[in-house]
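Source file: protein-v8.cif (mmCIF, C-alpha atoms and all ligand atoms)
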data_work
#
loop_
_atom_site.label_atom_id
_atom_site.label_comp_id
_atom_site.auth_asym_id
_atom_site.auth_seq_id
_atom_site.Cartn_x
_atom_site.Cartn_y
_atom_site.Cartn_z
CA MET A 1 10.97 24.83 -5.40
CA THR A 2 13.08 23.01 -2.87
CA ALA A 3 11.81 20.63 -0.25
CA PRO A 4 13.60 18.69 2.44
CA PRO A 5 13.92 14.99 1.69
CA ALA A 6 11.35 12.84 3.41
CA PRO A 7 12.94 10.53 5.98
CA LEU A 8 12.42 6.83 5.30
CA HIS A 9 11.04 6.12 8.69
CA GLY A 10 8.38 6.89 11.03
CA HIS A 11 4.72 6.80 11.43
CA GLN A 12 5.67 9.57 13.80
CA SER A 13 7.03 11.63 10.94
CA GLN A 14 3.71 11.39 9.12
CA GLY A 15 2.66 14.47 7.25
CA ASN A 16 6.05 15.05 5.63
CA GLN A 17 4.01 16.39 2.70
CA LEU A 18 3.25 19.46 4.77
CA HIS A 19 6.81 20.63 4.21
CA ARG A 20 5.90 21.33 0.62
CA ASN A 21 3.08 22.92 -1.28
CA PRO A 22 0.43 20.19 -1.54
CA TRP A 23 -1.13 21.83 -4.60
CA TYR A 24 2.05 21.82 -6.67
CA THR A 25 1.52 19.52 -9.64
CA GLN A 26 4.62 18.29 -11.41
CA THR A 27 4.48 17.01 -14.97
CA VAL A 28 5.67 13.45 -15.34
CA ARG A 29 6.26 11.23 -18.36
CA ILE A 30 5.48 7.52 -18.56
CA VAL A 31 8.90 5.94 -19.12
CA ASP A 32 7.89 2.30 -18.59
CA ARG A 33 4.69 0.31 -18.44
CA VAL A 34 4.27 -3.32 -17.36
CA ASP A 35 0.89 -4.99 -17.81
CA GLU A 36 0.51 -7.06 -14.65
CA ILE A 37 -2.83 -8.85 -14.56
CA PRO A 38 -5.98 -8.10 -16.57
CA GLY A 39 -6.96 -4.46 -16.00
CA VAL A 40 -3.86 -3.65 -13.92
CA ALA A 41 -0.61 -2.08 -15.07
CA THR A 42 2.49 -0.69 -13.38
CA TYR A 43 3.79 2.67 -14.62
CA ARG A 44 7.15 4.30 -14.02
CA LEU A 45 6.74 8.07 -14.11
CA ALA A 46 9.75 10.35 -14.48
CA VAL A 47 9.68 14.03 -13.61
CA ILE A 48 10.18 15.99 -16.82
CA ASP A 49 12.14 18.80 -15.19
CA GLU A 50 14.99 16.76 -13.78
CA GLY A 51 16.03 19.64 -11.56
CA ASP A 52 12.73 19.44 -9.72
CA SER A 53 13.35 18.46 -6.12
CA HIS A 54 9.81 17.16 -5.79
CA HIS A 55 11.16 13.81 -6.86
CA ASP A 56 11.71 13.00 -3.19
CA PRO A 57 12.14 9.78 -1.32
CA PHE A 58 8.92 8.46 0.10
CA ILE A 59 7.80 6.33 2.98
CA PRO A 60 6.39 2.94 1.93
CA GLY A 61 2.60 3.21 2.25
CA GLN A 62 2.35 6.80 1.02
CA PHE A 63 0.46 7.83 -2.11
CA ASN A 64 0.50 10.42 -4.89
CA MET A 65 -2.39 12.13 -6.64
CA LEU A 66 -2.26 11.36 -10.38
CA TYR A 67 -3.89 14.02 -12.56
CA LEU A 68 -5.16 13.68 -16.10
CA PRO A 69 -6.10 17.11 -17.49
CA GLY A 70 -9.78 17.31 -18.40
CA VAL A 71 -10.51 14.00 -16.65
CA GLY A 72 -9.64 14.26 -12.97
CA GLU A 73 -7.34 13.18 -10.20
CA SER A 74 -6.99 9.90 -8.26
CA ALA A 75 -5.08 8.76 -5.20
CA ILE A 76 -2.61 6.02 -6.13
CA SER A 77 -0.07 4.42 -3.79
CA MET A 78 3.62 4.15 -4.44
CA SER A 79 4.43 0.57 -5.44
CA GLY A 80 8.15 0.84 -6.24
CA ASN A 81 11.37 0.32 -4.32
CA PRO A 82 11.96 3.29 -1.98
CA ALA A 83 15.72 2.76 -2.27
CA GLU A 84 15.65 3.07 -6.05
CA GLY A 85 15.60 6.26 -8.12
CA GLY A 86 14.38 6.59 -11.66
CA GLY A 87 10.89 7.92 -11.13
CA TRP A 88 7.67 7.21 -9.30
CA VAL A 89 6.26 3.69 -9.64
CA HIS A 90 2.50 3.12 -9.42
CA THR A 91 0.37 0.02 -9.99
CA VAL A 92 -3.10 1.01 -11.15
CA ARG A 93 -6.33 -0.89 -11.68
CA GLU A 94 -8.85 0.41 -14.20
CA ALA A 95 -11.80 1.49 -12.04
CA GLY A 96 -13.29 4.70 -13.44
CA ASN A 97 -12.57 7.82 -15.47
CA VAL A 98 -9.00 8.60 -14.40
CA THR A 99 -7.65 5.09 -14.21
CA ARG A 100 -9.28 4.00 -17.48
CA THR A 101 -7.86 7.04 -19.27
CA LEU A 102 -4.44 6.29 -17.77
CA ALA A 103 -4.71 2.71 -19.03
CA GLY A 104 -5.07 4.12 -22.55
CA LEU A 105 -1.74 5.99 -22.29
CA SER A 106 1.61 4.67 -23.45
CA VAL A 107 5.29 5.24 -22.82
CA GLY A 108 6.08 8.86 -23.72
CA ASP A 109 2.69 10.28 -22.68
CA THR A 110 2.53 12.83 -19.85
CA LEU A 111 0.30 13.45 -16.85
CA GLY A 112 0.32 15.46 -13.61
CA LEU A 113 1.39 14.28 -10.18
CA ARG A 114 1.37 15.81 -6.71
CA GLY A 115 2.59 14.24 -3.52
CA PRO A 116 3.76 12.25 -1.69
CA PHE A 117 0.91 12.28 0.82
CA GLY A 118 -0.12 10.45 3.95
CA THR A 119 1.41 8.32 6.61
CA GLY A 120 3.51 5.34 5.72
CA TRP A 121 3.89 1.89 7.20
CA PRO A 122 5.33 2.17 10.74
CA ILE A 123 8.89 1.09 10.00
CA PRO A 124 10.35 2.05 13.43
CA ASN A 125 7.73 -0.15 15.10
CA LEU A 126 8.68 -3.08 12.88
CA LEU A 127 12.39 -2.96 13.70
CA GLY A 128 13.50 -6.07 15.58
CA ASN A 129 10.03 -7.58 15.34
CA ASP A 130 8.51 -10.38 13.31
CA VAL A 131 6.34 -8.90 10.55
CA LEU A 132 3.13 -10.41 9.24
CA ILE A 133 2.05 -8.81 5.97
CA VAL A 134 -1.51 -9.53 4.85
CA ALA A 135 -2.41 -8.38 1.34
CA GLY A 136 -5.60 -8.81 -0.63
CA GLY A 137 -5.95 -8.13 -4.35
CA LEU A 138 -4.53 -4.76 -5.32
CA GLY A 139 -3.63 -4.17 -1.66
CA THR A 140 -0.32 -5.82 -2.51
CA ALA A 141 0.67 -2.63 -4.38
CA PRO A 142 1.02 -0.30 -1.34
CA LEU A 143 2.73 -3.12 0.53
CA ARG A 144 5.35 -3.78 -2.15
CA PRO A 145 7.56 -0.78 -1.18
CA LEU A 146 7.51 -2.09 2.39
CA ILE A 147 8.45 -5.57 1.16
CA TYR A 148 11.40 -4.06 -0.73
CA HIS A 149 12.42 -2.09 2.35
CA LEU A 150 12.31 -5.20 4.57
CA LEU A 151 14.41 -7.06 2.00
CA ASN A 152 16.85 -4.13 1.74
CA GLN A 153 17.31 -4.15 5.54
CA ARG A 154 16.59 -7.85 6.12
CA GLU A 155 18.86 -8.19 9.17
CA SER A 156 16.86 -5.54 11.04
CA PHE A 157 13.71 -7.65 11.26
CA GLY A 158 12.74 -11.07 12.59
CA ARG A 159 10.66 -13.55 10.66
CA ILE A 160 8.61 -12.09 7.85
CA TRP A 161 5.48 -13.67 6.38
CA LEU A 162 3.54 -12.40 3.37
CA ILE A 163 0.03 -13.80 3.13
CA ASN A 164 -1.32 -12.81 -0.26
CA GLY A 165 -4.87 -13.50 -1.36
CA ALA A 166 -6.71 -12.93 -4.62
CA ARG A 167 -9.99 -13.93 -6.18
CA SER A 168 -8.25 -16.19 -8.71
CA PRO A 169 -4.67 -17.31 -9.44
CA GLU A 170 -4.56 -14.84 -12.36
CA GLY A 171 -5.28 -12.04 -9.88
CA LEU A 172 -2.14 -12.56 -7.77
CA LEU A 173 -0.03 -9.45 -8.33
CA TYR A 174 3.76 -9.47 -8.87
CA GLN A 175 4.02 -13.27 -9.21
CA ARG A 176 7.30 -12.88 -11.09
CA GLU A 177 8.87 -11.52 -7.87
CA TYR A 178 7.78 -14.20 -5.38
CA GLN A 179 10.87 -16.33 -5.88
CA ALA A 180 13.20 -13.39 -5.17
CA TRP A 181 11.14 -12.45 -2.11
CA ARG A 182 11.37 -16.03 -0.82
CA GLN A 183 15.12 -16.11 -1.48
CA GLY A 184 15.42 -12.83 0.39
CA GLY A 185 13.91 -14.36 3.50
CA ILE A 186 10.17 -13.75 3.26
CA GLU A 187 7.79 -16.68 3.74
CA VAL A 188 5.29 -16.15 0.94
CA LEU A 189 1.93 -17.87 1.45
CA LEU A 190 -0.76 -17.66 -1.21
CA THR A 191 -4.47 -18.31 -1.32
CA VAL A 192 -7.24 -17.77 -3.88
CA ASP A 193 -11.03 -17.81 -3.68
CA ARG A 194 -11.60 -19.53 -7.02
CA PRO A 195 -8.87 -21.96 -8.16
CA ASN A 196 -8.26 -22.88 -11.79
CA ALA A 197 -7.09 -26.24 -13.13
CA GLU A 198 -3.41 -25.40 -12.57
CA TRP A 199 -3.79 -24.20 -8.98
CA HIS A 200 -2.56 -26.66 -6.34
CA GLY A 201 -2.28 -24.18 -3.49
CA GLN A 202 -4.55 -22.97 -0.71
CA VAL A 203 -8.18 -22.09 -1.48
CA GLY A 204 -10.10 -19.73 0.82
CA VAL A 205 -9.78 -16.44 2.65
CA VAL A 206 -6.49 -15.06 4.00
CA THR A 207 -7.61 -15.49 7.59
CA LEU A 208 -7.37 -19.28 7.15
CA LEU A 209 -3.65 -18.87 6.53
CA ILE A 210 -3.21 -16.34 9.33
CA GLU A 211 -4.84 -18.59 11.91
CA ARG A 212 -2.76 -21.55 10.78
CA LEU A 213 0.44 -19.64 11.53
CA LYS A 214 2.02 -20.50 14.81
CA LEU A 215 3.40 -17.08 15.67
CA PRO A 216 6.53 -17.81 17.70
CA ARG A 217 6.47 -14.36 19.34
CA PRO A 218 2.95 -12.88 19.14
CA LEU A 219 3.88 -9.91 21.32
CA GLN A 220 6.93 -9.19 19.17
CA THR A 221 5.00 -9.39 15.90
CA GLN A 222 3.53 -6.50 13.91
CA LEU A 223 0.70 -7.09 11.44
CA VAL A 224 0.39 -4.76 8.44
CA THR A 225 -2.53 -5.16 6.07
CA CYS A 226 -4.00 -3.64 2.93
CA GLY A 227 -6.88 -4.89 0.81
CA PRO A 228 -10.66 -4.87 0.89
CA GLU A 229 -11.87 -3.44 4.22
CA VAL A 230 -13.74 -6.59 5.13
CA MET A 231 -10.52 -8.57 4.69
CA MET A 232 -8.55 -6.15 6.88
CA LYS A 233 -11.19 -6.29 9.62
CA TYR A 234 -11.03 -10.07 9.78
CA ALA A 235 -7.24 -10.12 9.43
CA ALA A 236 -7.06 -7.84 12.49
CA LEU A 237 -9.42 -10.10 14.44
CA SER A 238 -7.26 -13.12 13.52
CA GLY A 239 -4.16 -11.28 14.73
CA LEU A 240 -5.87 -10.60 18.05
CA ARG A 241 -6.87 -14.28 18.33
CA LEU A 242 -3.20 -15.21 17.80
CA GLY A 243 -2.26 -13.15 20.86
CA MET A 244 -1.37 -9.80 19.32
CA THR A 245 -2.60 -6.52 20.81
CA PRO A 246 -4.49 -3.84 18.80
CA GLU A 247 -1.37 -1.64 19.06
CA GLN A 248 0.55 -4.16 16.93
CA ILE A 249 -1.87 -4.04 13.97
CA TRP A 250 -1.77 -1.48 11.15
CA VAL A 251 -4.34 -1.03 8.37
CA SER A 252 -4.30 1.09 5.22
CA LEU A 253 -7.68 2.65 4.51
CA GLU A 254 -8.16 3.69 0.91
CA ARG A 255 -11.32 5.75 1.11
CA ASN A 256 -12.46 8.41 -1.37
CA MET A 257 -9.84 11.17 -1.41
CA GLN A 258 -10.02 14.47 -3.26
CA CYS A 259 -7.76 17.20 -1.89
CA ALA A 260 -5.22 14.93 -0.14
CA ALA A 261 -4.39 17.85 2.17
CA GLY A 262 -6.92 17.33 4.96
CA LEU A 263 -9.19 20.16 3.85
CA CYS A 264 -12.14 18.85 1.85
CA GLY A 265 -13.40 16.21 4.29
CA HIS A 266 -14.23 13.56 1.67
CA CYS A 267 -12.03 10.98 3.35
CA GLN A 268 -13.07 11.71 6.92
CA LEU A 269 -13.67 8.63 9.07
CA GLY A 270 -14.64 9.52 12.61
CA PRO A 271 -12.07 12.09 13.77
CA GLU A 272 -9.48 11.02 11.19
CA PHE A 273 -8.78 12.61 7.84
CA LEU A 274 -7.48 9.52 6.09
CA CYS A 275 -5.46 11.50 3.54
CA LYS A 276 -3.23 13.05 6.22
CA ASP A 277 -3.82 10.98 9.40
CA GLY A 278 -3.76 7.85 7.19
CA PRO A 279 -4.03 5.95 4.97
CA VAL A 280 -1.97 3.78 7.37
CA LEU A 281 -3.47 3.86 10.86
CA ARG A 282 -2.97 1.81 13.98
CA TYR A 283 -5.90 -0.52 14.46
CA ASP A 284 -6.83 0.66 17.98
CA ARG A 285 -7.19 4.20 16.63
CA ILE A 286 -9.65 3.27 13.89
CA ARG A 287 -11.37 0.14 15.23
CA PRO A 288 -14.53 1.90 16.56
CA PHE A 289 -15.27 3.29 13.10
CA LEU A 290 -14.33 0.25 11.01
CA PHE A 291 -17.23 -1.75 12.31
CA VAL A 292 -19.89 0.91 11.70
CA GLU A 293 -21.75 0.05 8.49
CA GLN A 294 -21.66 2.66 5.70
CA LEU A 295 -19.58 5.13 7.69
C1 LIG B 1 -4.73 6.27 -0.35
C2 LIG B 1 -5.23 5.54 -1.57
C3 LIG B 1 -4.37 4.77 -2.30
C4 LIG B 1 -4.82 4.10 -3.43
N1 LIG B 1 -3.93 3.36 -4.14
C5 LIG B 1 -4.33 2.78 -5.29
C6 LIG B 1 -3.39 2.06 -6.07
O1 LIG B 1 -2.21 1.93 -5.73
N2 LIG B 1 -3.82 1.53 -7.23
C7 LIG B 1 -5.14 1.65 -7.63
O2 LIG B 1 -5.46 1.15 -8.72
N3 LIG B 1 -6.05 2.30 -6.91
C8 LIG B 1 -5.68 2.87 -5.75
N4 LIG B 1 -6.59 3.58 -5.00
C9 LIG B 1 -7.99 3.62 -5.44
C10 LIG B 1 -8.20 4.70 -6.50
O3 LIG B 1 -7.91 5.98 -5.97
C11 LIG B 1 -9.68 4.66 -6.93
O4 LIG B 1 -9.92 3.46 -7.63
C12 LIG B 1 -10.04 5.88 -7.77
O5 LIG B 1 -11.39 6.20 -7.51
C13 LIG B 1 -9.87 5.67 -9.23
O6 LIG B 1 -10.25 6.88 -9.88
P1 LIG B 1 -11.17 6.82 -11.18
O7 LIG B 1 -11.48 8.22 -11.60
O8 LIG B 1 -10.53 5.95 -12.19
O9 LIG B 1 -12.45 6.06 -10.69
P2 LIG B 1 -13.76 6.71 -10.03
O10 LIG B 1 -14.57 7.27 -11.13
O11 LIG B 1 -13.38 7.59 -8.90
O12 LIG B 1 -14.45 5.40 -9.39
C14 LIG B 1 -14.61 4.20 -10.08
C15 LIG B 1 -15.36 3.21 -9.17
O13 LIG B 1 -14.57 2.87 -8.07
C16 LIG B 1 -15.24 3.20 -6.86
N5 LIG B 1 -14.25 3.75 -5.96
C17 LIG B 1 -13.88 5.02 -5.79
N6 LIG B 1 -12.90 5.12 -4.86
C18 LIG B 1 -12.63 3.87 -4.45
C19 LIG B 1 -11.71 3.31 -3.55
N7 LIG B 1 -10.88 4.09 -2.86
N8 LIG B 1 -11.68 1.98 -3.39
C20 LIG B 1 -12.51 1.21 -4.08
N9 LIG B 1 -13.42 1.67 -4.95
C21 LIG B 1 -13.47 2.99 -5.15
C22 LIG B 1 -16.28 4.21 -7.23
O14 LIG B 1 -17.36 4.17 -6.31
C23 LIG B 1 -16.66 3.77 -8.62
O15 LIG B 1 -17.59 2.71 -8.56
C24 LIG B 1 -6.18 4.23 -3.85
C25 LIG B 1 -7.05 5.01 -3.10
C26 LIG B 1 -6.59 5.67 -1.98
C27 LIG B 1 -7.53 6.52 -1.22
#
Reformat the file's structure so that it appears as structure tokens.
Amino acid sequence: MTAPPAPLHGHQSQGNQLHRNPWYTQTVRIVDRVDEIPGVATYRLAVIDEGDSHHDPFIPGQFNMLYLPGVGESAISMSGNPAEGGGWVHTVREAGNVTRTLAGLSVGDTLGLRGPFGTGWPIPNLLGNDVLIVAGGLGTAPLRPLIYHLLNQRESFGRIWLINGARSPEGLLYQREYQAWRQGGIEVLLTVDRPNAEWHGQVGVVTLLIERLKLPRPLQTQLVTCGPEVMMKYAALSGLRLGMTPEQIWVSLERNMQCAAGLCGHCQLGPEFLCKDGPVLRYDRIRPFLFVEQL
């Protein structure tokens, strides 16, 4: 089955998955596995039928559905470099049935994959702007393709900050890459809730670091955030306090997803089907629903 390549731009071009059959599951093989932090590993998955055009480019921020026969399916974001071939890259935390079974697999084992799905980070809106990336815990995974893209096209963006928070220093994802990101022109700022004896950095929530930033151009800054919802809510409020408008803030909402095609309704939040209208949404569009408890 052929499908047009997904353009590497555009919140506006969201829904590129609709060009292809959303139910088509391709078989992929684990060709590499990196154990990141306890309970989290990064897998490189190569399409077995190399002629399969489903191995498309993707927009940073999109996700695939990973399928383990007899176990189930889970939404997992792309975490690899969008400019790089060689298979899909996903960073997965052991949470329940699917992800724990995946954690028991090794290089050479196979699973199913369909996608890519959802909107991506709004790259056209970031062009020429300063970019403030706020990541919490595993939320760094969906932001990593964006980080790679910003590094790949560094001259197209202004200042870039990455504020990365985790419960403990051991929980900071992709630490081996921070030096390269800094050398590439990203200001990487870290904070943890619970320091250990070796930690000499910031302790506390990410908003402390956001509010300490003196944004040189608040109205030419875009804030992109992924992590626990409570963190994203307060990150957005901090951005507003720094002089940004709601239209400059983008959140990725990783709610329960089942069909990924906007049909089953599991991921509905207000009028939005997060699997197709999201997971990345502009803050002003989702703000009324974010602050309603248990919605
Ligand atoms: C768009 C999107 C992108 C995602 N990207 C990633 C990713 O890159 N890496 C990753 O490890 N996970 C990611 N997730 C979360 C992942 O889909 C869930 O953890 C999924 O439920 C795991 O499936 P499971 O069968 O292993 O666990 P389940 O049996 O479904 O659930 C295990 C536990 O996690 C809880 N849970 C279910 N869904 C979520 C959720 N979305 N967030 C938090 N807790 C949940 C359940 O209530 C239960 O307590 C993403 C989710 C979405 C919607």
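The gap separating CA of Trp199 in chain A from CA of Arg167 in chain A is 12.3 Å, in Å to one decimal.
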| task | Fewer than 2 positions away in the same chain doesn't count, so skip those; otherwise give me all residues within 10 Å of range 148-161 of chain A, counting only C-alpha atoms, as an MDAnalysis selection string. | result | chainID A and resid 8 59:60 79:84 123 126:134 143:146 163:164 180:189 210 213 215:217 220:223
Create the file for the chosen residues now, containing C-alpha atoms and written as a PDB file, in the frame of the given file.
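Now in again.pdb:
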ATOM      1  CA  LEU A   8      12.420   6.830   5.300  1.00  0.00           C
ATOM      2  CA  ILE A  59       7.800   6.330   2.980  1.00  0.00           C
ATOM      3  CA  PRO A  60       6.390   2.940   1.930  1.00  0.00           C
ATOM      4  CA  SER A  79       4.430   0.570  -5.440  1.00  0.00           C
ATOM      5  CA  GLY A  80       8.150   0.840  -6.240  1.00  0.00           C
ATOM      6  CA  ASN A  81      11.370   0.320  -4.320  1.00  0.00           C
ATOM      7  CA  PRO A  82      11.960   3.290  -1.980  1.00  0.00           C
ATOM      8  CA  ALA A  83      15.720   2.760  -2.270  1.00  0.00           C
ATOM      9  CA  GLU A  84      15.650   3.070  -6.050  1.00  0.00           C
ATOM     10  CA  ILE A 123       8.890   1.090  10.000  1.00  0.00           C
ATOM     11  CA  LEU A 126       8.680  -3.080  12.880  1.00  0.00           C
ATOM     12  CA  LEU A 127      12.390  -2.960  13.700  1.00  0.00           C
ATOM     13  CA  GLY A 128      13.500  -6.070  15.580  1.00  0.00           C
ATOM     14  CA  ASN A 129      10.030  -7.580  15.340  1.00  0.00           C
ATOM     15  CA  ASP A 130       8.510 -10.380  13.310  1.00  0.00           C
ATOM     16  CA  VAL A 131       6.340  -8.900  10.550  1.00  0.00           C
ATOM     17  CA  LEU A 132       3.130 -10.410   9.240  1.00  0.00           C
ATOM     18  CA  ILE A 133       2.050  -8.810   5.970  1.00  0.00           C
ATOM     19  CA  VAL A 134      -1.510  -9.530   4.850  1.00  0.00           C
ATOM     20  CA  LEU A 143       2.730  -3.120   0.530  1.00  0.00           C
ATOM     21  CA  ARG A 144       5.350  -3.780  -2.150  1.00  0.00           C
ATOM     22  CA  PRO A 145       7.560  -0.780  -1.180  1.00  0.00           C
ATOM     23  CA  LEU A 146       7.510  -2.090   2.390  1.00  0.00           C
ATOM     24  CA  ILE A 163       0.030 -13.800   3.130  1.00  0.00           C
ATOM     25  CA  ASN A 164      -1.320 -12.810  -0.260  1.00  0.00           C
ATOM     26  CA  ALA A 180      13.200 -13.390  -5.170  1.00  0.00           C
ATOM     27  CA  TRP A 181      11.140 -12.450  -2.110  1.00  0.00           C
ATOM     28  CA  ARG A 182      11.370 -16.030  -0.820  1.00  0.00           C
ATOM     29  CA  GLN A 183      15.120 -16.110  -1.480  1.00  0.00           C
ATOM     30  CA  GLY A 184      15.420 -12.830   0.390  1.00  0.00           C
ATOM     31  CA  GLY A 185      13.910 -14.360   3.500  1.00  0.00           C
ATOM     32  CA  ILE A 186      10.170 -13.750   3.260  1.00  0.00           C
ATOM     33  CA  GLU A 187       7.790 -16.680   3.740  1.00  0.00           C
ATOM     34  CA  VAL A 188       5.290 -16.150   0.940  1.00  0.00           C
ATOM     35  CA  LEU A 189       1.930 -17.870   1.450  1.00  0.00           C
ATOM     36  CA  ILE A 210      -3.210 -16.340   9.330  1.00  0.00           C
ATOM     37  CA  LEU A 213       0.440 -19.640  11.530  1.00  0.00           C
ATOM     38  CA  LEU A 215       3.400 -17.080  15.670  1.00  0.00           C
ATOM     39  CA  PRO A 216       6.530 -17.810  17.700  1.00  0.00           C
ATOM     40  CA  ARG A 217       6.470 -14.360  19.340  1.00  0.00           C
ATOM     41  CA  GLN A 220       6.930  -9.190  19.170  1.00  0.00           C
ATOM     42  CA  THR A 221       5.000  -9.390  15.900  1.00  0.00           C
ATOM     43  CA  GLN A 222       3.530  -6.500  13.910  1.00  0.00           C
ATOM     44  CA  LEU A 223       0.700  -7.090  11.440  1.00  0.00           C
TER      45      LEU A 223
END
Counting only C-alpha atoms and all ligand atoms, which residues of chain A sit at most 6 Å from some atom of ligand LIG 1 (chain B), and what is each one's closest atom pair with its distance in Å to one decimal, listed by chain and rising residue number, as a Markdown table?
| residue | atom | partner | partner_atom | distance |
| --- | --- | --- | --- | --- |
| A:Phe63 | CA | B:LIG1 | C1 | 5.7 |
| A:Ser74 | CA | B:LIG1 | O3 | 4.6 |
| A:Ala75 | CA | B:LIG1 | O3 | 4.0 |
| A:Ile76 | CA | B:LIG1 | N1 | 3.6 |
| A:Ser77 | CA | B:LIG1 | O1 | 3.8 |
| A:Thr91 | CA | B:LIG1 | N2 | 5.2 |
| A:Val92 | CA | B:LIG1 | O2 | 3.4 |
| A:Arg93 | CA | B:LIG1 | O2 | 3.7 |
| A:Ala95 | CA | B:LIG1 | C14 | 4.4 |
| A:Gly96 | CA | B:LIG1 | O9 | 3.2 |
| A:Asn97 | CA | B:LIG1 | O7 | 4.0 |
| A:Val98 | CA | B:LIG1 | O7 | 3.8 |
| A:Thr99 | CA | B:LIG1 | O8 | 3.6 |
| A:Arg100 | CA | B:LIG1 | O8 | 5.8 |
| A:Ala141 | CA | B:LIG1 | O1 | 5.6 |
| A:Pro142 | CA | B:LIG1 | O1 | 5.9 |
| A:Glu254 | CA | B:LIG1 | C27 | 3.6 |
| A:Arg255 | CA | B:LIG1 | N7 | 4.3 |
| A:Asn256 | CA | B:LIG1 | N6 | 4.8 |
| A:Met257 | CA | B:LIG1 | C27 | 5.2 |
| A:Pro279 | CA | B:LIG1 | C1 | 5.4 |
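We find CA of Gly87 in chain A and CA of Thr42 in chain A to be spaced 12.2 Å apart.
Between CA of Arg287 in chain A and CA of Val251 in chain A the interatomic distance comes to 9.9 Å.
Using only C-alpha atoms for every distance, the candidate list A:Gly86, A:Pro57, A:Pro69, A:Pro169 yields A:Pro169 as the residue closest to Pro38 in chain A.
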